[in-house]
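Enquirer: Have a look at the structure that comes next, please.
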Amino acid sequence: MKSTNTAGPAMDRRSATPVRELLGPRLRELMQHTAIYGLGPVLGQVAAFLLLPLYTNLLSPADYGALEIILLVGTFLNVFFGLQTVTQLLRFYHACERERDRREVVSTAIVFTGVVTAAAILPADMLRDRISLALFGTDAQAPLLRLAFWSMVSSNVFATALGYLQARKMSRAFTLLSVAQLVCILSLNLFFVAWLARGVEGILLSQFLVTGTFAIGLAAWVLGQTGLAVSLARMRTFLAFGVPMIGWSLAVFAVNAADRMVLSRVGSLTDVGVFSLANRFGTALLVFIVTPFSCFWAAERFAIAKQPDGKEVLARVFTYFFVLLCFVGLAVSVWSDDLVRLMAAERFRAAARICPVLVLAYVLWGTFDSFMAGILIDGRTKEVGVLTGVAAVLHIALCVGLGGAWFSVGVAWAKVITLAALTIGVYVIAQRRYLIAYELGRVAKVLAVALALFLASTLLGGLPPLLGIAVNAVPVIAFPIVLAGVGFLEPAEKRWMIACGRALIGRLQMVASTAAGDSR
């Protein structure tokens, strides 16, 4: 009898092929590129944490909240003219068979992004005084809005140009540029904020100057590689794919921004600032795991989908991705209270109790983003656009209801509920379009173990920050051990891990022997 099409049995039925032989090359390449792509975001997150004492002492929670609202306005506008251009570039690049057509896709994407973004930002810039009055009750923030608006143009062009590096698997160049951009922004932040005491204006000015310079330089280099081959037909294709995704982008914005927008109304900018600090800890999952993974996987999944074992590879990679997502999520959750007490000023301490809720939300976010693979591979986006538009309305309603009752904690749980609904909805749609046999039973074990260990860690609260970090390392270290104990690993995976462990021990013994010989 022929076996059903599931990822686990498929691994064993192919002559009992171990997972390392079926997925080995893909996984090694994925880990290599993910590690390289992750270097820039990880360094950025580390630098941001090191600078938290500086920012939380030089900026008040109200200033921090005002900065968040200004950035969110720019992000909201980008919903309507971003049109998922980077995703489209990666999708169409791999769909093209001829190099000439690929160059045309890249060139058109960069020009399309610059023209559409600038055309949309211009009227918003002209109305910046009125927008400032509507948001803050004063037009004093209008110059800051202008900086944020025009930074969006350069940011979009830079992201699209980076998409060319992703498509070509130029992960080292991608990371080098990301790190260079980060160093420049942080250096200017220190100069403008710490030295010149220009506060929020200094942060936005740094972003505007650095992003604009990098966007112009990289776009010029990429167009030099591809030539200026703009196709109106390609632009129409971009619009046909991207416009239905506005609903999806709107939901993304609502899930990310409605919480702070509602807090600014039912609470104050101080509440927004505290919530934003908690959100910075929660988004560590995006920085350390989701973004580096997506930088490579966003392009690679289209190439894998063309292969006979493509669906099995997609399912298994998601399982491993989810393990890593929950592992880092557990670490951030159990250490968040200690880190907030250690790194932030006293007036920001309320952020600690919101962090674990937001971490759960971003675990769901990473899952939702992965389930989108089937829809993006299929290419029909209208249904998911409707779903995410409905999710946006749901999230705003939940934020108003729960936020009005419990403020920051309420809007954090609103994010969790919305993302849970969105993840389920996207999974259902994607499975109808492009069936992938995800290993849901194994995924459920991972989530259950992570939640159980987090709840156990809450019994150890009240310790001094440094001691708390040391003690809370126990549930983090226990995660893979407990996971193995509950039967998560398959036989082939156990054999592979034992083989890797023996190989590692052998290398360490060789190094120790060599060092001992040299010492003699």
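Letters for chains follow the order of the structure tokens (A, B, ...), residue numbers begin at 1 for each chain, and ligand numbers begin at 1 in the order shown.
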Name the residues of range 139-292 of chain A that come out as alpha helix (DSSP H) in a backbone DSSP run; write them as a ChimeraX atom specification.

Expert: /A:142-167,171-189,199-226,232-242,246-266,269-282,284-285,291-292

Enquirer: List the spatial neighbours of range 391-408 of chain A as a PyMOL selection string - criterion: any atom at most 7 Å away, only C-alpha atoms, same-chain residues fewer than 5 positions off excluded.

Expert: chain A and resi 250-251+254-255+258-259+262-263+266-267+271+275+414-415+418+422

Enquirer: Can you list, as a compact mmCIF listing (two decimals) with N, CA and C atoms, in the first residue's frame, every protein, DNA or RNA residue that comes within 12 Å of Arg168 in chain A when you count only C-alpha atoms, leaving out same-chain residues fewer than 5 positions away?

Expert:
```
# COMPACT_ATOMS: atom_id res chain seq x y z
N HIS A 33 23.47 30.53 5.68
CA HIS A 33 23.00 31.85 5.26
C HIS A 33 22.23 32.56 6.36
N LEU A 89 9.82 40.69 -6.06
CA LEU A 89 11.11 40.58 -6.74
C LEU A 89 11.66 39.17 -6.59
N LEU A 90 11.63 38.63 -5.38
CA LEU A 90 12.16 37.28 -5.15
C LEU A 90 11.35 36.23 -5.89
N TYR A 93 11.83 36.71 -9.76
CA TYR A 93 13.22 36.45 -10.12
C TYR A 93 13.45 34.96 -10.31
N HIS A 94 12.94 34.17 -9.38
CA HIS A 94 13.12 32.72 -9.48
C HIS A 94 12.17 32.08 -10.50
N GLU A 99 18.33 35.03 -17.84
CA GLU A 99 19.00 36.05 -17.04
C GLU A 99 18.54 37.45 -17.43
N ARG A 102 15.42 38.23 -15.59
CA ARG A 102 15.71 38.47 -14.18
C ARG A 102 16.24 39.88 -13.95
N ARG A 103 17.13 40.33 -14.82
CA ARG A 103 17.64 41.70 -14.68
C ARG A 103 16.51 42.71 -14.84
N VAL A 106 14.49 42.96 -11.55
CA VAL A 106 15.18 43.71 -10.51
C VAL A 106 15.16 45.21 -10.82
N ALA A 161 16.66 47.03 -3.24
CA ALA A 161 18.00 46.76 -3.76
C ALA A 161 18.65 45.60 -3.02
N LEU A 162 18.42 45.52 -1.70
CA LEU A 162 18.92 44.38 -0.95
C LEU A 162 18.26 43.07 -1.41
N GLY A 163 17.03 43.17 -1.91
CA GLY A 163 16.35 41.99 -2.43
C GLY A 163 17.13 41.33 -3.56
N ALA A 173 27.52 40.02 1.43
CA ALA A 173 27.39 41.42 1.02
C ALA A 173 26.18 42.06 1.72
N PHE A 174 25.08 41.30 1.80
CA PHE A 174 23.87 41.78 2.47
C PHE A 174 24.19 42.16 3.91
N VAL A 222 23.38 48.25 -8.03
CA VAL A 222 22.54 47.16 -8.57
C VAL A 222 22.11 47.46 -10.00
N GLN A 225 24.66 46.69 -12.38
CA GLN A 225 24.78 45.27 -12.67
C GLN A 225 23.69 44.79 -13.63
N CYS A 295 15.30 36.18 5.45
CA CYS A 295 16.17 36.79 4.45
C CYS A 295 16.63 35.77 3.42
N PHE A 296 16.91 34.55 3.87
CA PHE A 296 17.31 33.49 2.95
C PHE A 296 16.11 32.69 2.47
N ALA A 299 13.42 33.71 -0.43
CA ALA A 299 13.75 33.41 -1.83
C ALA A 299 13.86 31.91 -2.06
N GLU A 300 14.46 31.18 -1.12
CA GLU A 300 14.75 29.76 -1.32
C GLU A 300 13.49 28.91 -1.42
```

Enquirer: Would you compute the distance between CA of Gly282 in chain A and CA of Ala473 in chain A? Give it in Å to one decimal.

Expert: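 Separating CA of Gly282 in chain A from CA of Ala473 in chain A is a distance of 18.1 Å.
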
Enquirer: Neighbouring residues of Leu364 in chain A were defined as those with any atom within 12 Å, considering only C-alpha atoms; residues of the same chain fewer than 4 positions away were excluded. Please report them as number ranges by chain.

Expert: A: 255, 282-283, 285-286, 290, 322, 325-326, 329, 357-360, 368-371, 415-424, 426-427, 447

Enquirer: Once you have the residues from the selection above, write them out as a PDB file, in the first residue's frame, restricted to N, CA and C atoms.

Expert:
```pdb
ATOM      1  N   VAL A 255      -1.835  44.910  13.569  1.00  0.00           N
ATOM      2  CA  VAL A 255      -1.341  44.045  14.638  1.00  0.00           C
ATOM      3  C   VAL A 255      -0.116  44.667  15.312  1.00  0.00           C
ATOM      4  N   GLY A 282      10.156  41.841  23.012  1.00  0.00           N
ATOM      5  CA  GLY A 282       9.385  40.843  22.270  1.00  0.00           C
ATOM      6  C   GLY A 282       9.870  40.663  20.851  1.00  0.00           C
ATOM      7  N   THR A 283      10.222  41.764  20.212  1.00  0.00           N
ATOM      8  CA  THR A 283      10.672  41.685  18.824  1.00  0.00           C
ATOM      9  C   THR A 283      12.071  41.098  18.693  1.00  0.00           C
ATOM     10  N   LEU A 285      12.619  38.128  18.980  1.00  0.00           N
ATOM     11  CA  LEU A 285      12.369  36.931  18.177  1.00  0.00           C
ATOM     12  C   LEU A 285      12.452  37.238  16.690  1.00  0.00           C
ATOM     13  N   LEU A 286      11.931  38.409  16.303  1.00  0.00           N
ATOM     14  CA  LEU A 286      12.020  38.803  14.900  1.00  0.00           C
ATOM     15  C   LEU A 286      13.469  39.066  14.518  1.00  0.00           C
ATOM     16  N   VAL A 290      13.324  35.263  13.138  1.00  0.00           N
ATOM     17  CA  VAL A 290      12.432  35.373  11.985  1.00  0.00           C
ATOM     18  C   VAL A 290      13.078  36.134  10.835  1.00  0.00           C
ATOM     19  N   PHE A 322      10.396  26.210  14.096  1.00  0.00           N
ATOM     20  CA  PHE A 322       9.519  26.426  15.248  1.00  0.00           C
ATOM     21  C   PHE A 322      10.221  26.063  16.545  1.00  0.00           C
ATOM     22  N   LEU A 325      12.399  28.967  17.292  1.00  0.00           N
ATOM     23  CA  LEU A 325      11.566  30.108  17.666  1.00  0.00           C
ATOM     24  C   LEU A 325      11.126  29.999  19.125  1.00  0.00           C
ATOM     25  N   CYS A 326      10.674  28.821  19.531  1.00  0.00           N
ATOM     26  CA  CYS A 326      10.218  28.633  20.910  1.00  0.00           C
ATOM     27  C   CYS A 326      11.381  28.660  21.893  1.00  0.00           C
ATOM     28  N   GLY A 329      12.240  32.261  22.275  1.00  0.00           N
ATOM     29  CA  GLY A 329      11.112  32.887  22.961  1.00  0.00           C
ATOM     30  C   GLY A 329      11.104  32.578  24.444  1.00  0.00           C
ATOM     31  N   VAL A 357       3.967  38.164  27.335  1.00  0.00           N
ATOM     32  CA  VAL A 357       2.769  38.132  26.487  1.00  0.00           C
ATOM     33  C   VAL A 357       3.128  38.489  25.047  1.00  0.00           C
ATOM     34  N   LEU A 358       3.971  39.503  24.886  1.00  0.00           N
ATOM     35  CA  LEU A 358       4.381  39.912  23.545  1.00  0.00           C
ATOM     36  C   LEU A 358       5.284  38.862  22.894  1.00  0.00           C
ATOM     37  N   VAL A 359       6.075  38.158  23.690  1.00  0.00           N
ATOM     38  CA  VAL A 359       6.895  37.071  23.137  1.00  0.00           C
ATOM     39  C   VAL A 359       5.995  36.000  22.536  1.00  0.00           C
ATOM     40  N   LEU A 360       4.929  35.632  23.249  1.00  0.00           N
ATOM     41  CA  LEU A 360       3.973  34.658  22.713  1.00  0.00           C
ATOM     42  C   LEU A 360       3.362  35.159  21.410  1.00  0.00           C
ATOM     43  N   PHE A 368       2.750  32.332  11.638  1.00  0.00           N
ATOM     44  CA  PHE A 368       1.895  32.901  10.588  1.00  0.00           C
ATOM     45  C   PHE A 368       2.700  33.230   9.339  1.00  0.00           C
ATOM     46  N   ASP A 369       3.861  33.833   9.524  1.00  0.00           N
ATOM     47  CA  ASP A 369       4.713  34.190   8.398  1.00  0.00           C
ATOM     48  C   ASP A 369       5.166  32.947   7.634  1.00  0.00           C
ATOM     49  N   SER A 370       5.459  31.862   8.340  1.00  0.00           N
ATOM     50  CA  SER A 370       5.877  30.623   7.688  1.00  0.00           C
ATOM     51  C   SER A 370       4.730  29.978   6.915  1.00  0.00           C
ATOM     52  N   PHE A 371       3.533  29.995   7.491  1.00  0.00           N
ATOM     53  CA  PHE A 371       2.374  29.408   6.813  1.00  0.00           C
ATOM     54  C   PHE A 371       2.001  30.171   5.545  1.00  0.00           C
ATOM     55  N   LYS A 415      -3.086  41.449  20.860  1.00  0.00           N
ATOM     56  CA  LYS A 415      -2.159  41.020  19.795  1.00  0.00           C
ATOM     57  C   LYS A 415      -2.078  39.503  19.721  1.00  0.00           C
ATOM     58  N   VAL A 416      -2.026  38.849  20.879  1.00  0.00           N
ATOM     59  CA  VAL A 416      -1.957  37.386  20.905  1.00  0.00           C
ATOM     60  C   VAL A 416      -3.205  36.777  20.264  1.00  0.00           C
ATOM     61  N   ILE A 417      -4.376  37.261  20.657  1.00  0.00           N
ATOM     62  CA  ILE A 417      -5.633  36.707  20.140  1.00  0.00           C
ATOM     63  C   ILE A 417      -5.733  36.913  18.627  1.00  0.00           C
ATOM     64  N   THR A 418      -5.394  38.107  18.160  1.00  0.00           N
ATOM     65  CA  THR A 418      -5.478  38.396  16.727  1.00  0.00           C
ATOM     66  C   THR A 418      -4.524  37.532  15.926  1.00  0.00           C
ATOM     67  N   LEU A 419      -3.295  37.404  16.401  1.00  0.00           N
ATOM     68  CA  LEU A 419      -2.316  36.606  15.666  1.00  0.00           C
ATOM     69  C   LEU A 419      -2.671  35.121  15.683  1.00  0.00           C
ATOM     70  N   ALA A 420      -3.287  34.643  16.757  1.00  0.00           N
ATOM     71  CA  ALA A 420      -3.745  33.253  16.792  1.00  0.00           C
ATOM     72  C   ALA A 420      -4.819  33.031  15.721  1.00  0.00           C
ATOM     73  N   ALA A 421      -5.776  33.957  15.642  1.00  0.00           N
ATOM     74  CA  ALA A 421      -6.832  33.837  14.628  1.00  0.00           C
ATOM     75  C   ALA A 421      -6.260  33.945  13.218  1.00  0.00           C
ATOM     76  N   LEU A 422      -5.325  34.859  13.034  1.00  0.00           N
ATOM     77  CA  LEU A 422      -4.730  35.064  11.711  1.00  0.00           C
ATOM     78  C   LEU A 422      -3.906  33.844  11.296  1.00  0.00           C
ATOM     79  N   THR A 423      -3.180  33.259  12.229  1.00  0.00           N
ATOM     80  CA  THR A 423      -2.368  32.077  11.928  1.00  0.00           C
ATOM     81  C   THR A 423      -3.245  30.913  11.493  1.00  0.00           C
ATOM     82  N   ILE A 424      -4.343  30.684  12.209  1.00  0.00           N
ATOM     83  CA  ILE A 424      -5.262  29.597  11.849  1.00  0.00           C
ATOM     84  C   ILE A 424      -5.884  29.852  10.471  1.00  0.00           C
ATOM     85  N   VAL A 426      -4.765  31.737   7.926  1.00  0.00           N
ATOM     86  CA  VAL A 426      -3.781  31.610   6.848  1.00  0.00           C
ATOM     87  C   VAL A 426      -3.438  30.145   6.599  1.00  0.00           C
ATOM     88  N   TYR A 427      -3.352  29.364   7.671  1.00  0.00           N
ATOM     89  CA  TYR A 427      -3.067  27.928   7.514  1.00  0.00           C
ATOM     90  C   TYR A 427      -4.153  27.245   6.689  1.00  0.00           C
ATOM     91  N   LEU A 447       5.627  23.581  21.656  1.00  0.00           N
ATOM     92  CA  LEU A 447       4.946  24.695  22.315  1.00  0.00           C
ATOM     93  C   LEU A 447       4.595  24.351  23.753  1.00  0.00           C
TER      94      LEU A 447
END
```

Enquirer: Could you pull the residues within 6 Å of range 454-466 of chain A, counting only C-alpha atoms, minus those fewer than 3 positions along the same chain, as a ChimeraX atom specification?

Expert: /A:338,451,469

Enquirer: Identify, on the basis of only C-alpha atoms, every residue whose closest approach to Ser231 in chain A does not exceed 8 Å; exclude the query and any residue fewer than 2 positions from it along the same chain; express the result as a short mmCIF file (atom, residue, chain, number, x, y, z; two decimals) with C-alpha atoms, in the first residue's frame.

Expert:
```
data_model
loop_
_atom_site.label_atom_id
_atom_site.label_comp_id
_atom_site.auth_asym_id
_atom_site.auth_seq_id
_atom_site.Cartn_x
_atom_site.Cartn_y
_atom_site.Cartn_z
CA GLU A 104 14.45 43.32 -15.95
CA THR A 108 11.79 47.47 -12.68
CA ALA A 229 15.56 47.91 -18.17
CA ALA A 233 4.21 45.19 -18.17
CA ARG A 234 6.22 44.16 -15.12
CA MET A 235 4.90 47.18 -13.22
#
```

Enquirer: In Å, rounded to a single decimal, give me how far CA of Ala120 in chain A is from CA of Thr211 in chain A.

Expert: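 One can read the CA of Thr211 in chain A to CA of Ala120 in chain A distance as 18.5 Å.
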
Enquirer: Hey, which of A:Gly468, A:Gly137, A:Gly310, A:Gly227 ends up closest to Tyr434 in chain A? Count only C-alpha atoms.

Expert: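 Ranked by minimum distance to Tyr434 in chain A, first place goes to A:Gly310.
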
Enquirer: Which value, in Å to one decimal, gives the distance between CA of Leu440 in chain A and CA of Ala361 in chain A?

Expert: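 Computed distance, CA of Leu440 in chain A to CA of Ala361 in chain A, equals 18.6 Å.
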
Enquirer: Rank A:Leu324, A:Leu58, A:Ala303, A:Ala345 by their smallest atom-to-atom distance to Ile377 in chain A, using only C-alpha atoms, and report the top residue only.

Expert: A:Ala303

Enquirer: Find the residues around Phe302 in chain A up to 12 Å (only C-alpha atoms counted), leave out those fewer than 2 positions away in its own chain, and share them as a ChimeraX atom specification.

Expert: /A:87-96,167,296-300,304-307,310-311,313-314,373-379

Enquirer: Given only C-alpha atoms as the basis, pick out the residue of A:Leu330, A:Ile354, A:Ala412, A:Ala148 nearest to Ile477 in chain A.

Expert: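 Nearest candidate to Ile477 in chain A out of A:Leu330, A:Ile354, A:Ala412, A:Ala148: A:Leu330.
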
Enquirer: Determine the nearest neighbour of Arg260 in chain A from the options A:Leu71, A:Ala430, A:Leu145, A:Val179, counting only C-alpha atoms.

Expert: A:Leu71
